[in-house]
Amino acid sequence: MVCAPCHGAKGEGTNNAYFPRLAGKPAGYLTNQLFAFHTGHRHYPPMNYLLAYLAAVPLPRIVINGAPLRNITPCGSRHGALDNKVGSPWLEGQSAAYIKSQLEAFASNARRNDISQQMRNIARRMTPEEIQEAAEYYAAQPSPDVRP
């Protein structure tokens with residue numbers, strides 16, 4: 001949602017030459033470009049300012065980055081914040097207690113309705129602190145009225 005005003009709702013770009021199309025670009029390329037703006041190797045004041053601001057905003061790593069070494073994908077890549085996949089519920093605005101209880105239920109195998117045990121495998125690898133951080137993060141987000 002931070003990128004959409006300049007790069008389009010789905011990264012499709014705009015007719016303005018200053019805001020390129022991001023959709024379809026490899027993740028590594030996009031990461032490198034963001035890093036270049038962040039470190040000052042690329043200069044465009046709005047991007048440099050935006051990244052400096054975002055770097056100061058505390059976001060739970062598990063939501064945005066996941067934990068690749070523990071085979072945990074970012075929560076936001078399926079449940080909103082970064083993207084949303086079909087069949088994955090949006091979590092923004094959901095109660096922290098509810099999210100925490102469901103992650104704990106997946107981790108303990110009390111909840112077993114996930115396809116291919118995907119959520120059970122992820123929840124078992126999450127620390128109690130990560131579960132709490134993710135629950136609090138999503139609970140603090142505005143609840144969407146309508147999703148496309």
# chains A, B, ... in the order shown; residues from 1 in each chain; ligands from 1
>>> residues_around(residues="range 130-141 of chain A", least_positions_apart="3", cutoff="9 Å", atoms="only C-alpha atoms", output="number ranges by chain")
A: 59-63, 75, 81, 91-100, 103-104, 123, 126-127, 144
>>> write_last_selection(atoms="C-alpha atoms", output="PDB file, in the first residue's frame")
ATOM      1  CA  LEU A  59       7.657  -3.923  11.957  1.00  0.00           C
ATOM      2  CA  PRO A  60       7.836  -7.479  13.222  1.00  0.00           C
ATOM      3  CA  ARG A  61      10.417  -9.297  11.131  1.00  0.00           C
ATOM      4  CA  ILE A  62       8.271 -12.424  10.960  1.00  0.00           C
ATOM      5  CA  VAL A  63       5.480 -10.506   9.174  1.00  0.00           C
ATOM      6  CA  CYS A  75       3.151 -13.795   7.099  1.00  0.00           C
ATOM      7  CA  ALA A  81       0.576  -6.427   4.257  1.00  0.00           C
ATOM      8  CA  LEU A  91      -5.478 -10.654   9.191  1.00  0.00           C
ATOM      9  CA  GLU A  92      -5.525  -6.851   9.463  1.00  0.00           C
ATOM     10  CA  GLY A  93      -7.826  -5.727  12.267  1.00  0.00           C
ATOM     11  CA  GLN A  94      -8.286  -9.240  13.663  1.00  0.00           C
ATOM     12  CA  SER A  95      -8.043  -9.581  17.442  1.00  0.00           C
ATOM     13  CA  ALA A  96      -4.526 -10.245  18.754  1.00  0.00           C
ATOM     14  CA  ALA A  97      -5.900 -12.845  21.176  1.00  0.00           C
ATOM     15  CA  TYR A  98      -7.625 -14.668  18.312  1.00  0.00           C
ATOM     16  CA  ILE A  99      -4.556 -14.693  16.049  1.00  0.00           C
ATOM     17  CA  LYS A 100      -2.346 -15.858  18.905  1.00  0.00           C
ATOM     18  CA  LEU A 103      -1.258 -19.920  15.792  1.00  0.00           C
ATOM     19  CA  GLU A 104      -0.898 -21.820  19.056  1.00  0.00           C
ATOM     20  CA  ALA A 123       3.463 -22.157  13.596  1.00  0.00           C
ATOM     21  CA  MET A 126       7.663 -19.711  15.355  1.00  0.00           C
ATOM     22  CA  THR A 127       8.858 -18.603  18.777  1.00  0.00           C
ATOM     23  CA  PRO A 144     -10.406  -3.509   5.668  1.00  0.00           C
TER      24      PRO A 144
END
>>> select_by_dssp(residues="range 47-122 of chain A", states="alpha helix (DSSP H)", output="VMD selection string")
chain A and resid 47 to 56 61 to 64 96 to 108 118 to 122
>>> residues_around(residues="Ala105 in chain A", least_positions_apart="6", cutoff="9 Å", atoms="only C-alpha atoms", output="list in words")
Arg111, Arg112, Arg120 and Ala123 of chain A
>>> residues_around(residues="His79 in chain A", least_positions_apart="5", cutoff="7 Å", atoms="only C-alpha atoms", output="list in words")
Asn84, Ser88, Pro89, Trp90 and Leu91 of chain A
>>> write_last_selection(atoms="N, CA and C atoms", output="short mmCIF file (atom, residue, chain, number, x, y, z; two decimals), in the first residue's frame")
data_model
loop_
_atom_site.label_atom_id
_atom_site.label_comp_id
_atom_site.auth_asym_id
_atom_site.auth_seq_id
_atom_site.Cartn_x
_atom_site.Cartn_y
_atom_site.Cartn_z
N ASN A 84 -1.72 -11.09 -0.82
CA ASN A 84 -2.73 -11.98 -0.29
C ASN A 84 -2.97 -13.08 -1.29
N SER A 88 -6.27 -17.59 1.72
CA SER A 88 -5.59 -17.13 2.93
C SER A 88 -6.32 -15.91 3.46
N PRO A 89 -6.76 -15.93 4.70
CA PRO A 89 -7.53 -14.80 5.22
C PRO A 89 -6.67 -13.56 5.46
N TRP A 90 -7.26 -12.39 5.23
CA TRP A 90 -6.63 -11.13 5.62
C TRP A 90 -6.64 -11.09 7.13
N LEU A 91 -5.56 -10.68 7.73
CA LEU A 91 -5.48 -10.65 9.19
C LEU A 91 -5.58 -9.25 9.79
#
>>> residues_around(residues="range 36-40 of chain A", least_positions_apart="4", cutoff="8 Å", atoms="only C-alpha atoms", output="ChimeraX atom specification")
/A:32,44,47-48,51-52
>>> write_last_selection(atoms="N, CA and C atoms", output="CSV table (one decimal), in the first residue's frame")
chain,number,residue,atom,x,y,z
A,32,ASN,N,17.5,-5.2,-4.5
A,32,ASN,CA,18.7,-4.5,-4.7
A,32,ASN,C,18.5,-3.0,-5.0
A,44,TYR,N,16.8,9.6,-5.4
A,44,TYR,CA,15.6,10.2,-5.8
A,44,TYR,C,14.9,10.6,-4.5
A,47,MET,N,12.0,8.7,-2.7
A,47,MET,CA,12.3,7.3,-2.4
A,47,MET,C,13.3,7.3,-1.2
A,48,ASN,N,14.3,8.1,-1.2
A,48,ASN,CA,15.3,8.1,-0.1
A,48,ASN,C,14.6,8.4,1.2
A,51,LEU,N,12.1,5.5,2.3
A,51,LEU,CA,12.8,4.4,2.9
A,51,LEU,C,13.4,4.7,4.2
A,52,ALA,N,13.9,5.9,4.4
A,52,ALA,CA,14.4,6.3,5.7
A,52,ALA,C,13.3,6.3,6.8
>>> select_by_dssp(residues="range 49-111 of chain A", states="strand (DSSP E or B)", output="PyMOL selection string")
chain A and resi 67+72+79+84
>>> write_last_selection(atoms="N, CA and C atoms", output="mmCIF file, in the first residue's frame")
data_model
loop_
_atom_site.group_PDB
_atom_site.id
_atom_site.type_symbol
_atom_site.label_atom_id
_atom_site.label_comp_id
_atom_site.auth_asym_id
_atom_site.auth_seq_id
_atom_site.Cartn_x
_atom_site.Cartn_y
_atom_site.Cartn_z
ATOM 1 N N ALA A 67 11.362 -16.005 8.371
ATOM 2 C CA ALA A 67 12.613 -16.522 8.949
ATOM 3 C C ALA A 67 13.110 -17.617 8.012
ATOM 4 N N ILE A 72 10.350 -20.319 7.327
ATOM 5 C CA ILE A 72 9.116 -19.594 7.624
ATOM 6 C C ILE A 72 8.984 -18.459 6.617
ATOM 7 N N HIS A 79 -1.059 -13.292 3.925
ATOM 8 C CA HIS A 79 -2.170 -12.780 4.719
ATOM 9 C C HIS A 79 -2.296 -11.271 4.714
ATOM 10 N N ASN A 84 -1.720 -11.086 -0.818
ATOM 11 C CA ASN A 84 -2.735 -11.982 -0.287
ATOM 12 C C ASN A 84 -2.973 -13.083 -1.291
#
>>> atom_distance(atom1="CA of Ala27 in chain A", atom2="CA of Gly66 in chain A")
14.7 Å
>>> residues_around(residues="Gly11 in chain A", least_positions_apart="3", cutoff="12 Å", atoms="only C-alpha atoms", output="list in words")
Met1, Val2, Cys3, Ala4, Pro5, Cys6, His7, Gly8, Thr14, Phe19, Pro20, Arg21, Leu22, Ala23, Gly24, Lys25, Leu30, Leu82 and Asp83 of chain A
>>> decode(residues="range 74-113 of chain A", atoms="C-alpha atoms", output="PDB file, in the first residue's frame")
ATOM      1  CA  PRO A  74       6.682 -13.870   5.659  1.00  0.00           C
ATOM      2  CA  CYS A  75       3.151 -13.795   7.099  1.00  0.00           C
ATOM      3  CA  GLY A  76       2.469 -10.764   4.941  1.00  0.00           C
ATOM      4  CA  SER A  77       3.158 -12.680   1.725  1.00  0.00           C
ATOM      5  CA  ARG A  78      -0.084 -14.634   2.176  1.00  0.00           C
ATOM      6  CA  HIS A  79      -2.170 -12.780   4.719  1.00  0.00           C
ATOM      7  CA  GLY A  80      -1.979  -9.168   3.586  1.00  0.00           C
ATOM      8  CA  ALA A  81       0.576  -6.427   4.257  1.00  0.00           C
ATOM      9  CA  LEU A  82       2.691  -7.601   1.306  1.00  0.00           C
ATOM     10  CA  ASP A  83       0.276  -9.737  -0.710  1.00  0.00           C
ATOM     11  CA  ASN A  84      -2.735 -11.982  -0.287  1.00  0.00           C
ATOM     12  CA  LYS A  85      -3.152 -15.461  -1.699  1.00  0.00           C
ATOM     13  CA  VAL A  86      -6.481 -17.068  -2.537  1.00  0.00           C
ATOM     14  CA  GLY A  87      -7.738 -19.027   0.441  1.00  0.00           C
ATOM     15  CA  SER A  88      -5.589 -17.125   2.929  1.00  0.00           C
ATOM     16  CA  PRO A  89      -7.526 -14.797   5.222  1.00  0.00           C
ATOM     17  CA  TRP A  90      -6.628 -11.133   5.617  1.00  0.00           C
ATOM     18  CA  LEU A  91      -5.478 -10.654   9.191  1.00  0.00           C
ATOM     19  CA  GLU A  92      -5.525  -6.851   9.463  1.00  0.00           C
ATOM     20  CA  GLY A  93      -7.826  -5.727  12.267  1.00  0.00           C
ATOM     21  CA  GLN A  94      -8.286  -9.240  13.663  1.00  0.00           C
ATOM     22  CA  SER A  95      -8.043  -9.581  17.442  1.00  0.00           C
ATOM     23  CA  ALA A  96      -4.526 -10.245  18.754  1.00  0.00           C
ATOM     24  CA  ALA A  97      -5.900 -12.845  21.176  1.00  0.00           C
ATOM     25  CA  TYR A  98      -7.625 -14.668  18.312  1.00  0.00           C
ATOM     26  CA  ILE A  99      -4.556 -14.693  16.049  1.00  0.00           C
ATOM     27  CA  LYS A 100      -2.346 -15.858  18.905  1.00  0.00           C
ATOM     28  CA  SER A 101      -4.776 -18.623  19.879  1.00  0.00           C
ATOM     29  CA  GLN A 102      -5.028 -19.870  16.293  1.00  0.00           C
ATOM     30  CA  LEU A 103      -1.258 -19.920  15.792  1.00  0.00           C
ATOM     31  CA  GLU A 104      -0.898 -21.820  19.056  1.00  0.00           C
ATOM     32  CA  ALA A 105      -3.646 -24.226  17.954  1.00  0.00           C
ATOM     33  CA  PHE A 106      -1.830 -24.857  14.658  1.00  0.00           C
ATOM     34  CA  ALA A 107       1.470 -25.348  16.513  1.00  0.00           C
ATOM     35  CA  SER A 108      -0.034 -27.873  18.936  1.00  0.00           C
ATOM     36  CA  ASN A 109      -1.917 -29.703  16.154  1.00  0.00           C
ATOM     37  CA  ALA A 110      -5.256 -28.823  17.783  1.00  0.00           C
ATOM     38  CA  ARG A 111      -6.230 -27.049  14.547  1.00  0.00           C
ATOM     39  CA  ARG A 112      -5.705 -29.199  11.458  1.00  0.00           C
ATOM     40  CA  ASN A 113      -7.684 -27.639   8.619  1.00  0.00           C
TER      41      ASN A 113
END
